Amino acid sequence: MEVVETSEKRSQAPADFPSINDEVVGFAKDAEYIMKKLTGRSKELDVISIFGMAGLGKTTLARKVYNNTSIINHFDVKAWCTVSQTYDMRTLLVDILEQATNKEWKINEDFDIGDKLQKTLKGRRYLIVLDDIWKVEAWEDLGLCFPKGEYGSRVMVTTRIEEVAKHLQYHSDPYSLRFLTLEESWELLQKRVFQGESCPLDLREAGLKIAEHCKGLPLVIVLIAGIIVKTEREASLWLEFANDLSSHVLGEQSMKVIQSSYEHLEDHLKPCLLYMGLFPEDHKIPMHDLLKLWMAEEFVVNVDTKNMEEASRFCLNDLLKRSLVMVSRTRINGDIECCTLHDVVREFCL
């Protein structure tokens, strides 16, 4: 037996993440290709998989497409859920069901959620996004709940693992996400650092070197931007960052940049960030709970303000601005409700 909450479902729109996703650069052609696959003539259910290494922007691309007006208007039902390495199938199904019905559900343990979800989706053109899938088994369990009728429904998947993407293939080939070009990398770096202003000529050469040494990884670019935006605008300092980046191979790049971002944090922010790594992967951490935990641990006692909750908010806001923390859920009025860590940042914290 199920109990349906009459209140409207709280906003969980994936467009609310601030990190890489404030400035979407270089995905125009990729997004156009994915959207064609989602809205193509085929009426049969299809799975569109996007795969690539961590930090390439798979989730950013999927989110850009998911929130496109033409996609919103094309599908009767849309739902987005993050799967991750460790997941609870029942929780994922409830999450999708709540988005599909736009209601919050309280469900007894013996209630068949999968059957309810299938009946809810049946006869409707739906789009389900399964972000960050690591195992084929997750799809095999979830996929049973997605009806296959000829309504033009689609499932969009993001994964780091090519073999997972290939296993999920229905009609469309898995899509390998490319690295950003130098021009795109420089554009993203400028947007993050100068916020719409033009780059001073004396910084352009150093800035281009930084963009080049980020090797096309959006995550690396926004993290580096989070460092240099807090430093003086001097070419010599920027060149130091560029030279430091150039000495690391691609696989080390993200961790090296996160290390650098961490080292440039004020001392009181470091334990705040590391503490967040204790939460499960992709966990939506309630903001008010997090602030209370920080205060209980006395992480922010040295901050120059008498109001501890206000001081904790300043700490969170600073971590958000540096792209080390992301917003994962907002309230209807736009206030932050939950936040999370990118997988790579969490790995660093551990």
# chains A, B, ... in the order shown; residues from 1 in each chain; ligands from 1

$ select_by_dssp --residues "range 186-343 of chain A" --states "strand (DSSP E)" --output "PyMOL selection string"
chain A and resi 285-286+326-330+336-340

$ residues_around --residues "Leu97 in chain A" --least-positions-apart "6" --cutoff "12 Å" --atoms "only C-alpha atoms" --output "number ranges by chain"
A: 4, 9, 77-81, 90-91, 103-107, 112-121, 126, 128, 142, 145-146

$ closest_residue --among "A:Arg41, A:His264, A:Arg124, A:Arg313" --to "His288 in chain A" --atoms "only C-alpha atoms"
A:Arg313

$ residues_around --residues "Cys339 in chain A" --least-positions-apart "6" --cutoff "6 Å" --atoms "only C-alpha atoms" --output "ChimeraX atom specification"
/A:284-285,326-328

$ atom_distance --atom1 "CA of Glu137 in chain A" --atom2 "CA of Met156 in chain A"
16.3 Å

$ atom_distance --atom1 "CA of Leu203 in chain A" --atom2 "CA of Ala235 in chain A"
5.2 Å

$ select_by_dssp --residues "range 76-138 of chain A" --states "alpha helix (DSSP H)" --output "ChimeraX atom specification"
/A:89-101,113-121,136-138

$ closest_residue --among "A:Ile210, A:Val164, A:Met53, A:Ala311" --to "Glu140 in chain A" --atoms "only C-alpha atoms"
A:Val164
